[in-house]
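As provided, run.cif (mmCIF, C-alpha atoms) reads as follows.
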data_input
#
loop_
_atom_site.label_atom_id
_atom_site.label_comp_id
_atom_site.auth_asym_id
_atom_site.auth_seq_id
_atom_site.Cartn_x
_atom_site.Cartn_y
_atom_site.Cartn_z
CA MET A 1 0.00 0.00 0.00
CA GLY A 2 2.99 2.31 0.14
CA GLN A 3 4.22 4.70 2.78
CA ILE A 4 2.96 8.06 3.96
CA TYR A 5 5.42 10.92 3.50
CA ILE A 6 5.36 13.43 6.35
CA PRO A 7 7.99 16.18 6.00
CA GLU A 8 7.91 16.99 9.71
CA GLY A 9 8.58 13.32 10.48
CA ASN A 10 11.67 13.36 8.29
CA TYR A 11 13.01 16.48 10.01
CA LEU A 12 12.38 14.89 13.42
CA MET A 13 14.27 11.76 12.39
CA MET A 14 17.15 13.89 11.11
CA PHE A 15 17.49 15.79 14.39
CA LEU A 16 17.21 12.59 16.45
CA THR A 17 19.86 10.89 14.29
CA LEU A 18 22.25 13.81 14.76
CA ALA A 19 21.56 13.87 18.49
CA VAL A 20 22.16 10.13 18.91
CA THR A 21 25.32 10.22 16.79
CA GLY A 22 26.68 13.17 18.74
CA GLY A 23 25.77 11.57 22.04
CA PHE A 24 27.39 8.19 21.45
CA GLN A 25 30.24 9.64 19.31
CA HIS A 26 31.57 6.22 18.21
CA SER A 27 29.85 3.49 16.22
CA LYS A 28 30.96 0.79 18.68
CA ASP A 29 28.99 2.58 21.39
CA LEU A 30 25.86 2.36 19.23
CA SER A 31 26.02 -1.44 18.96
CA GLY A 32 24.11 -1.90 22.22
CA ALA A 33 21.25 0.35 21.16
CA TYR A 34 21.19 -1.19 17.69
CA GLY A 35 21.11 -4.77 18.99
CA VAL A 36 18.24 -4.15 21.40
CA ALA A 37 16.27 -2.20 18.77
CA VAL A 38 16.58 -4.85 16.06
CA SER A 39 15.77 -7.80 18.31
CA ALA A 40 12.81 -5.97 19.84
CA VAL A 41 11.43 -5.10 16.39
CA MET A 42 11.66 -8.77 15.34
CA LEU A 43 9.78 -9.94 18.44
CA LEU A 44 7.09 -7.23 18.22
CA THR A 45 6.57 -7.92 14.51
CA SER A 46 5.83 -11.57 15.26
CA ILE A 47 3.40 -10.61 18.03
CA LEU A 48 1.55 -8.11 15.83
CA TYR A 49 1.39 -10.57 12.95
CA VAL A 50 -0.26 -13.14 15.23
CA ALA A 51 -2.79 -10.48 16.27
CA VAL A 52 -3.56 -9.69 12.62
CA LEU A 53 -4.02 -13.38 11.80
CA HIS A 54 -6.43 -13.80 14.70
CA TYR A 55 -8.47 -10.57 14.67
CA ARG A 56 -8.33 -9.65 10.97
CA TYR A 57 -8.22 -12.96 9.11
CA ARG A 58 -9.85 -15.14 11.81
CA ALA A 59 -7.29 -17.87 11.27
CA ALA A 60 -7.52 -21.07 13.28
CA TRP A 61 -5.31 -21.25 16.35
CA TRP A 62 -3.51 -24.36 15.15
CA LYS A 63 -2.51 -22.55 11.96
CA ILE A 64 -1.31 -19.56 13.96
CA ALA A 65 0.68 -21.85 16.25
CA LEU A 66 2.51 -23.38 13.28
CA PHE A 67 3.87 -19.93 12.50
CA ALA A 68 4.12 -18.41 15.96
CA ILE A 69 5.93 -21.07 17.98
CA PRO A 70 9.16 -21.31 15.92
CA PHE A 71 9.36 -17.56 15.34
CA PHE A 72 8.65 -16.72 18.98
CA ILE A 73 11.37 -19.13 20.15
CA LEU A 74 13.92 -17.68 17.75
CA ASP A 75 13.00 -14.02 18.38
CA SER A 76 12.93 -14.54 22.15
CA PHE A 77 16.47 -15.94 22.11
CA TYR A 78 17.69 -12.92 20.16
CA PHE A 79 15.90 -10.43 22.42
CA THR A 80 16.89 -11.96 25.76
CA SER A 81 20.52 -12.24 24.68
CA SER A 82 20.56 -8.52 23.86
CA LEU A 83 19.22 -7.49 27.27
CA VAL A 84 22.73 -7.48 28.68
CA LYS A 85 23.42 -4.51 26.38
CA ILE A 86 20.82 -2.28 28.08
CA PRO A 87 23.36 -0.53 30.38
CA LYS A 88 25.65 0.02 27.35
CA GLY A 89 23.21 2.01 25.24
CA GLY A 90 20.39 -0.48 24.89
CA TRP A 91 18.22 1.72 27.11
CA LEU A 92 17.85 4.30 24.33
CA PRO A 93 15.38 2.44 22.04
CA ILE A 94 13.41 1.24 25.07
CA VAL A 95 13.01 4.77 26.49
CA LEU A 96 12.27 6.28 23.09
CA GLY A 97 9.70 3.58 22.29
CA ALA A 98 8.03 4.01 25.68
CA VAL A 99 7.76 7.80 25.22
CA LEU A 100 6.28 7.52 21.71
CA ALA A 101 3.88 4.76 22.76
CA SER A 102 2.71 6.86 25.73
CA VAL A 103 2.08 9.91 23.54
CA MET A 104 0.10 7.90 20.99
CA SER A 105 -1.88 6.10 23.70
CA VAL A 106 -2.81 9.34 25.46
CA TRP A 107 -3.79 10.97 22.15
CA ASN A 108 -5.92 7.97 21.13
CA PHE A 109 -7.60 7.81 24.55
CA GLY A 110 -8.37 11.54 24.56
CA ARG A 111 -9.72 11.47 21.01
CA ASP A 112 -12.02 8.53 21.75
CA ARG A 113 -13.35 10.22 24.90
CA THR A 114 -13.90 13.51 23.05
CA VAL A 115 -15.75 11.87 20.17
CA ARG A 116 -17.90 9.84 22.58
CA TYR A 117 -18.73 12.91 24.68
CA LEU A 118 -19.65 15.07 21.69
CA SER A 119 -21.72 12.29 20.15
CA GLU A 120 -23.68 11.63 23.34
CA ARG A 121 -24.11 15.34 24.03
CA GLY A 122 -25.18 16.06 20.47
CA THR A 123 -27.65 13.18 20.36
CA LYS A 124 -29.29 14.28 23.63
CA LEU A 125 -29.36 18.05 23.19
CA ALA A 126 -29.49 18.73 19.47
CA ASN A 127 -31.48 16.11 17.62
CA TRP A 128 -32.44 16.68 14.01
CA ASP A 129 -36.20 16.91 14.68
CA THR A 130 -35.78 19.87 17.02
CA PHE A 131 -33.27 21.48 14.70
CA ALA A 132 -35.61 21.15 11.68
CA LYS A 133 -38.54 22.57 13.66
CA VAL A 134 -36.56 25.62 14.78
CA VAL A 135 -35.30 26.35 11.27
CA GLN A 136 -38.63 25.85 9.48
CA THR A 137 -41.35 27.14 11.78
CA GLY A 138 -39.64 28.47 14.87
CA HIS A 139 -40.02 27.21 18.40
CA LYS A 140 -40.98 29.09 21.58
CA GLY A 141 -40.53 32.45 19.91
CA VAL A 142 -37.28 31.52 18.19
CA HIS A 143 -37.09 32.32 14.46
CA MET A 144 -33.97 31.54 12.48
CA THR A 145 -32.88 33.83 9.66
CA ARG A 146 -31.34 32.19 6.59
CA VAL A 147 -28.23 34.05 5.49
CA PRO A 148 -27.21 33.80 1.79
CA LEU A 149 -23.71 32.55 2.53
CA VAL A 150 -22.16 29.11 2.21
CA GLY A 151 -21.66 27.72 5.70
CA VAL A 152 -19.33 24.76 6.23
CA PHE A 153 -19.50 22.86 9.52
CA MET A 154 -17.08 20.00 10.05
CA SER A 155 -18.77 16.97 11.57
CA SER A 156 -17.44 13.55 12.51
CA ARG A 157 -20.93 12.04 12.35
CA ALA A 158 -23.83 12.71 10.01
CA ASP A 159 -26.57 12.11 12.59
CA VAL A 160 -25.39 14.66 15.17
CA LEU A 161 -25.33 18.44 14.92
CA PRO A 162 -21.76 19.75 14.81
CA GLU A 163 -20.53 21.38 17.99
CA SER A 164 -19.61 24.55 16.09
CA LEU A 165 -23.16 24.95 14.77
CA ARG A 166 -24.74 24.34 18.17
CA ALA A 167 -22.47 27.03 19.63
CA MET A 168 -23.24 29.49 16.80
CA LEU A 169 -27.04 29.30 16.75
CA PRO A 170 -27.72 30.96 20.13
CA ARG A 171 -25.35 33.81 19.27
CA THR A 172 -26.33 34.63 15.71
CA LEU A 173 -29.93 33.36 15.47
CA SER A 174 -29.20 32.57 11.85
CA LEU A 175 -28.33 29.66 9.61
CA PRO A 176 -26.32 29.94 6.40
CA TYR A 177 -27.90 28.97 3.11
CA PRO A 178 -26.65 26.52 2.10
CA ALA A 179 -25.43 24.89 5.34
CA LEU A 180 -23.03 22.04 4.69
CA PHE A 181 -22.18 19.40 7.27
CA VAL A 182 -18.88 18.03 6.01
CA THR A 183 -17.41 14.70 7.07
CA VAL A 184 -13.95 13.60 5.92
CA LYS A 185 -13.31 9.87 5.67
CA TYR A 186 -9.99 8.24 4.84
CA VAL A 187 -9.92 4.88 3.05
CA PRO A 188 -6.97 2.43 2.88
CA VAL A 189 -5.95 3.28 -0.69
CA PRO A 190 -3.41 5.89 -1.85
CA PHE A 191 -5.74 7.88 -4.10
CA VAL A 192 -9.49 8.24 -4.72
CA ALA A 193 -10.66 9.29 -8.18
CA GLU A 194 -11.96 12.86 -8.43
CA GLN A 195 -15.47 11.76 -9.45
CA ASP A 196 -15.71 9.49 -6.39
CA ARG A 197 -14.40 11.90 -3.74
CA CYS A 198 -17.64 13.67 -2.79
CA VAL A 199 -20.99 12.16 -1.80
CA VAL A 200 -23.74 14.76 -1.28
CA THR A 201 -27.00 14.05 0.55
CA GLN A 202 -29.67 16.73 0.85
CA SER A 203 -31.74 16.91 4.01
CA PRO A 204 -35.34 15.86 3.31
CA ASP A 205 -36.63 18.04 6.17
CA ILE A 206 -34.66 21.30 5.85
CA GLU A 207 -34.17 23.14 2.59
CA GLY A 208 -30.61 24.21 1.91
CA VAL A 209 -29.02 21.77 4.35
CA TYR A 210 -26.64 19.16 2.96
CA HIS A 211 -24.35 16.48 4.27
CA VAL A 212 -21.13 16.23 2.27
CA LEU A 213 -18.91 13.17 2.64
CA ILE A 214 -15.38 13.74 1.32
CA VAL A 215 -13.52 10.47 0.74
CA CYS A 216 -9.72 10.66 0.62
CA GLY A 217 -6.90 8.22 0.20
CA TYR A 218 -4.11 8.25 2.74
CA SER A 219 -1.84 10.13 0.30
CA GLN A 220 -4.41 12.85 -0.40
CA SER A 221 -5.45 16.06 1.35
CA PRO A 222 -9.18 16.69 1.97
CA GLU A 223 -9.15 20.17 0.33
CA VAL A 224 -12.55 21.02 1.78
CA SER A 225 -12.75 24.55 0.32
CA ALA A 226 -11.93 23.40 -3.21
CA SER A 227 -14.40 20.50 -3.02
CA VAL A 228 -17.23 22.73 -1.77
CA SER A 229 -16.53 25.33 -4.46
CA GLN A 230 -16.69 22.68 -7.16
CA LEU A 231 -19.99 21.34 -5.85
CA VAL A 232 -21.53 24.83 -5.80
CA LYS A 233 -20.27 25.67 -9.31
CA ALA A 234 -21.55 22.36 -10.66
CA GLY A 235 -25.01 23.04 -9.25
CA VAL A 236 -24.99 19.99 -7.00
CA ILE A 237 -25.53 22.34 -4.05
CA GLN A 238 -28.09 25.11 -4.45
CA ALA A 239 -26.56 28.44 -3.42
CA SER A 240 -29.67 30.65 -3.80
CA PRO A 241 -31.73 30.95 -0.63
CA PRO A 242 -35.53 30.95 -0.79
CA SER A 243 -37.71 33.70 0.66
CA TYR A 244 -38.65 33.18 4.30
CA SER A 245 -41.74 34.91 5.61
CA GLY A 246 -41.52 36.29 9.11
CA ASN A 247 -37.74 36.12 9.26
CA SER A 248 -36.78 39.22 7.28
CA SER A 249 -35.44 42.41 8.77
CA THR A 250 -38.65 44.19 7.63
CA ALA A 251 -40.80 41.92 9.75
CA ALA A 252 -38.48 42.42 12.69
CA ASP A 253 -38.58 46.20 12.30
CA ALA A 254 -42.40 46.10 12.15
CA GLU A 255 -42.40 44.52 15.58
CA GLY A 256 -40.23 47.30 17.00
CA SER A 257 -36.85 45.57 16.96
CA THR A 258 -33.75 47.50 15.89
CA SER A 259 -30.82 46.00 14.05
CA LEU A 260 -27.62 45.09 15.83
CA ALA A 261 -25.69 47.83 14.03
CA ASP A 262 -28.18 50.48 15.16
CA SER A 263 -28.26 49.41 18.79
CA PRO A 264 -26.15 51.39 21.28
CA ASN A 265 -22.70 49.96 22.11
CA ASN A 266 -23.35 47.16 19.62
CA THR A 267 -25.37 45.18 22.19
CA LEU A 268 -28.19 42.77 21.51
CA THR A 269 -31.70 44.19 21.40
CA ARG A 270 -34.38 43.05 23.78
CA ARG A 271 -35.94 40.71 21.23
CA ASN A 272 -32.59 39.24 20.28
CA ARG A 273 -31.85 38.56 23.94
CA ILE A 274 -35.20 36.77 24.33
CA ASP A 275 -34.59 34.70 21.18
CA ARG A 276 -31.07 33.88 22.30
CA ASP A 277 -32.23 32.67 25.72
CA ALA A 278 -34.87 30.46 24.10
CA THR A 279 -32.37 29.05 21.65
CA GLU A 280 -29.83 28.30 24.34
CA SER A 281 -32.46 26.26 26.17
CA LEU A 282 -32.65 24.01 23.12
CA PHE A 283 -29.01 23.59 22.19
CA VAL A 284 -26.91 24.34 25.27
CA PRO A 285 -26.89 22.17 28.42
#
For the file at hand, write its structure as structure tokens.
Amino acid sequence: MGQIYIPEGNYLMMFLTLAVTGGFQHSKDLSGAYGVAVSAVMLLTSILYVAVLHYRYRAAWWKIALFAIPFFILDSFYFTSSLVKIPKGGWLPIVLGAVLASVMSVWNFGRDRTVRYLSERGTKLANWDTFAKVVQTGHKGVHMTRVPLVGVFMSSRADVLPESLRAMLPRTLSLPYPALFVTVKYVPVPFVAEQDRCVVTQSPDIEGVYHVLIVCGYSQSPEVSASVSQLVKAGVIQASPPSYSGNSSTAADAEGSTSLADSPNNTLTRRNRIDRDATESLFVP
């Protein structure tokens, strides 16, 4: 499948190589670190391959044992014999591996907890039925204004309102037209053809609301702005907002509300404060 090129990773490896070379100074002093690193990689590769055979390919245990037992015996001999080199530089790959594994484990744990929290919070507090009702007909005095601007909200799930949108609604009392909920998904191939990169689904309940799935290979960049621009130019996404009765500035002025620009010290008007409080009760815990 190839390798992923990360320029920052190459620079980091360069600096670490220079630091290790300068620290040990002689190649004979690096033999301990090299021996422990190579033997540990051989043993870990065998362990990971057994895990892949079991969890990915569902191979029978007796077939796995035919491979694992001889390789584990051989790799274990190599690794245990190199342990005596730990005081002579063999500690370096062990410490470096432990630090990198800890960073990746903490990052993965935090990301999983964040995604789970946002998903549960979004499902409870901002379901699509309530969102559609507020946008279309209003709810408890709340009326959303559709703004003729393309709004892009990144979302990890299609069935939950993005956190950025739920934070914006109580403050602006408006929703862009069109509003795009964009999800980026990576697939285990280097490249995805241009005609297969975007999947657009229009909301059946709310006009001008779309979910855009951008599919990328691991060697590609999402390029969200370029993809959205192409969809709008091609007419896949409608960029012209319809006319909403009751949500225009004329209707608001008829009820005695002043615009934000006309209000003193740029503060919210009384009606805007009422609408904001009602909206926060829907979307903010």
> Please, what distance in Å, to one decimal, runs between atom CA of A:Phe24 and atom CA of A:Thr80?
Replying inline: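 Result for atom CA of A:Phe24 versus atom CA of A:Thr80: 23.1 Å, one decimal.
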>> Going by the chain IDs and residue numbers used in this file, which residues fall under the PyMOL selection byres ((chain A and resi 179) around 12)? Write them as a ChimeraX atom specification.
In response: /A:135,146-154,161-162,165,174-178,180-182,201-203,206-212,228,232,237-241
> Can you list, as an MDAnalysis selection string, the residues that the PyMOL selection byres ((chain A and resi 224-227) around 9) selects here?
Replying inline: chainID A and resid 152 182 184 197:198 214 221:223 228:232
Go ahead and save the residues from that selection, with C-alpha atoms, as a PDB file, in the coordinates of the input.
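Here's the written file selection-v5.pdb:
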ATOM      1  CA  VAL A 152     -19.330  24.760   6.230  1.00  0.00           C
ATOM      2  CA  VAL A 182     -18.880  18.030   6.010  1.00  0.00           C
ATOM      3  CA  VAL A 184     -13.950  13.600   5.920  1.00  0.00           C
ATOM      4  CA  ARG A 197     -14.400  11.900  -3.740  1.00  0.00           C
ATOM      5  CA  CYS A 198     -17.640  13.670  -2.790  1.00  0.00           C
ATOM      6  CA  ILE A 214     -15.380  13.740   1.320  1.00  0.00           C
ATOM      7  CA  SER A 221      -5.450  16.060   1.350  1.00  0.00           C
ATOM      8  CA  PRO A 222      -9.180  16.690   1.970  1.00  0.00           C
ATOM      9  CA  GLU A 223      -9.150  20.170   0.330  1.00  0.00           C
ATOM     10  CA  VAL A 228     -17.230  22.730  -1.770  1.00  0.00           C
ATOM     11  CA  SER A 229     -16.530  25.330  -4.460  1.00  0.00           C
ATOM     12  CA  GLN A 230     -16.690  22.680  -7.160  1.00  0.00           C
ATOM     13  CA  LEU A 231     -19.990  21.340  -5.850  1.00  0.00           C
ATOM     14  CA  VAL A 232     -21.530  24.830  -5.800  1.00  0.00           C
TER      15      VAL A 232
END
For a quick check of your reading of the model, name the residues lying within 12 Å of the coordinate (21.6, 10.5, 17.5), counting all atoms listed in the file, and write them as a JSON list (two decimals) with C-alpha atoms, in the frame of the given file.
[["chain", "number", "residue", "atom", "x", "y", "z"],
["A", 12, "LEU", "CA", 12.38, 14.89, 13.42],
["A", 13, "MET", "CA", 14.27, 11.76, 12.39],
["A", 14, "MET", "CA", 17.15, 13.89, 11.11],
["A", 15, "PHE", "CA", 17.49, 15.79, 14.39],
["A", 16, "LEU", "CA", 17.21, 12.59, 16.45],
["A", 17, "THR", "CA", 19.86, 10.89, 14.29],
["A", 18, "LEU", "CA", 22.25, 13.81, 14.76],
["A", 19, "ALA", "CA", 21.56, 13.87, 18.49],
["A", 20, "VAL", "CA", 22.16, 10.13, 18.91],
["A", 21, "THR", "CA", 25.32, 10.22, 16.79],
["A", 22, "GLY", "CA", 26.68, 13.17, 18.74],
["A", 23, "GLY", "CA", 25.77, 11.57, 22.04],
["A", 24, "PHE", "CA", 27.39, 8.19, 21.45],
["A", 25, "GLN", "CA", 30.24, 9.64, 19.31],
["A", 26, "HIS", "CA", 31.57, 6.22, 18.21],
["A", 27, "SER", "CA", 29.85, 3.49, 16.22],
["A", 29, "ASP", "CA", 28.99, 2.58, 21.39],
["A", 30, "LEU", "CA", 25.86, 2.36, 19.23],
["A", 33, "ALA", "CA", 21.25, 0.35, 21.16],
["A", 34, "TYR", "CA", 21.19, -1.19, 17.69],
["A", 89, "GLY", "CA", 23.21, 2.01, 25.24],
["A", 92, "LEU", "CA", 17.85, 4.30, 24.33],
["A", 93, "PRO", "CA", 15.38, 2.44, 22.04],
["A", 96, "LEU", "CA", 12.27, 6.28, 23.09]]
> If you measure from atom CA of A:Pro204 to atom CA of A:Gln136, what distance in Å do you get, rounded to one decimal?
Replying inline: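 Between atom CA of A:Pro204 and atom CA of A:Gln136 the gap is 12.2 Å.
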>> One decimal, in Å: what's the spacing between atom CA of A:Ser219 and atom CA of A:Phe191?
In response: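 Answer for the atom CA of A:Ser219 to atom CA of A:Phe191 separation: 6.3 Å.
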>> Given the PyMOL selection byres ((chain A and resi 43-54) around 8) and the file above, list the residues it selects as an NGL selection string.
In response: :A and (39-42 or 55-61 or 64 or 68 or 71-72 or 75-76 or 79)
Keeping C-alpha atoms, export the residues of the selection given above as a PDB file, in the frame of the given file.
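Saved result, selection02.pdb, follows:
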ATOM      1  CA  SER A  39      15.770  -7.800  18.310  1.00  0.00           C
ATOM      2  CA  ALA A  40      12.810  -5.970  19.840  1.00  0.00           C
ATOM      3  CA  VAL A  41      11.430  -5.100  16.390  1.00  0.00           C
ATOM      4  CA  MET A  42      11.660  -8.770  15.340  1.00  0.00           C
ATOM      5  CA  TYR A  55      -8.470 -10.570  14.670  1.00  0.00           C
ATOM      6  CA  ARG A  56      -8.330  -9.650  10.970  1.00  0.00           C
ATOM      7  CA  TYR A  57      -8.220 -12.960   9.110  1.00  0.00           C
ATOM      8  CA  ARG A  58      -9.850 -15.140  11.810  1.00  0.00           C
ATOM      9  CA  ALA A  59      -7.290 -17.870  11.270  1.00  0.00           C
ATOM     10  CA  ALA A  60      -7.520 -21.070  13.280  1.00  0.00           C
ATOM     11  CA  TRP A  61      -5.310 -21.250  16.350  1.00  0.00           C
ATOM     12  CA  ILE A  64      -1.310 -19.560  13.960  1.00  0.00           C
ATOM     13  CA  ALA A  68       4.120 -18.410  15.960  1.00  0.00           C
ATOM     14  CA  PHE A  71       9.360 -17.560  15.340  1.00  0.00           C
ATOM     15  CA  PHE A  72       8.650 -16.720  18.980  1.00  0.00           C
ATOM     16  CA  ASP A  75      13.000 -14.020  18.380  1.00  0.00           C
ATOM     17  CA  SER A  76      12.930 -14.540  22.150  1.00  0.00           C
ATOM     18  CA  PHE A  79      15.900 -10.430  22.420  1.00  0.00           C
TER      19      PHE A  79
END
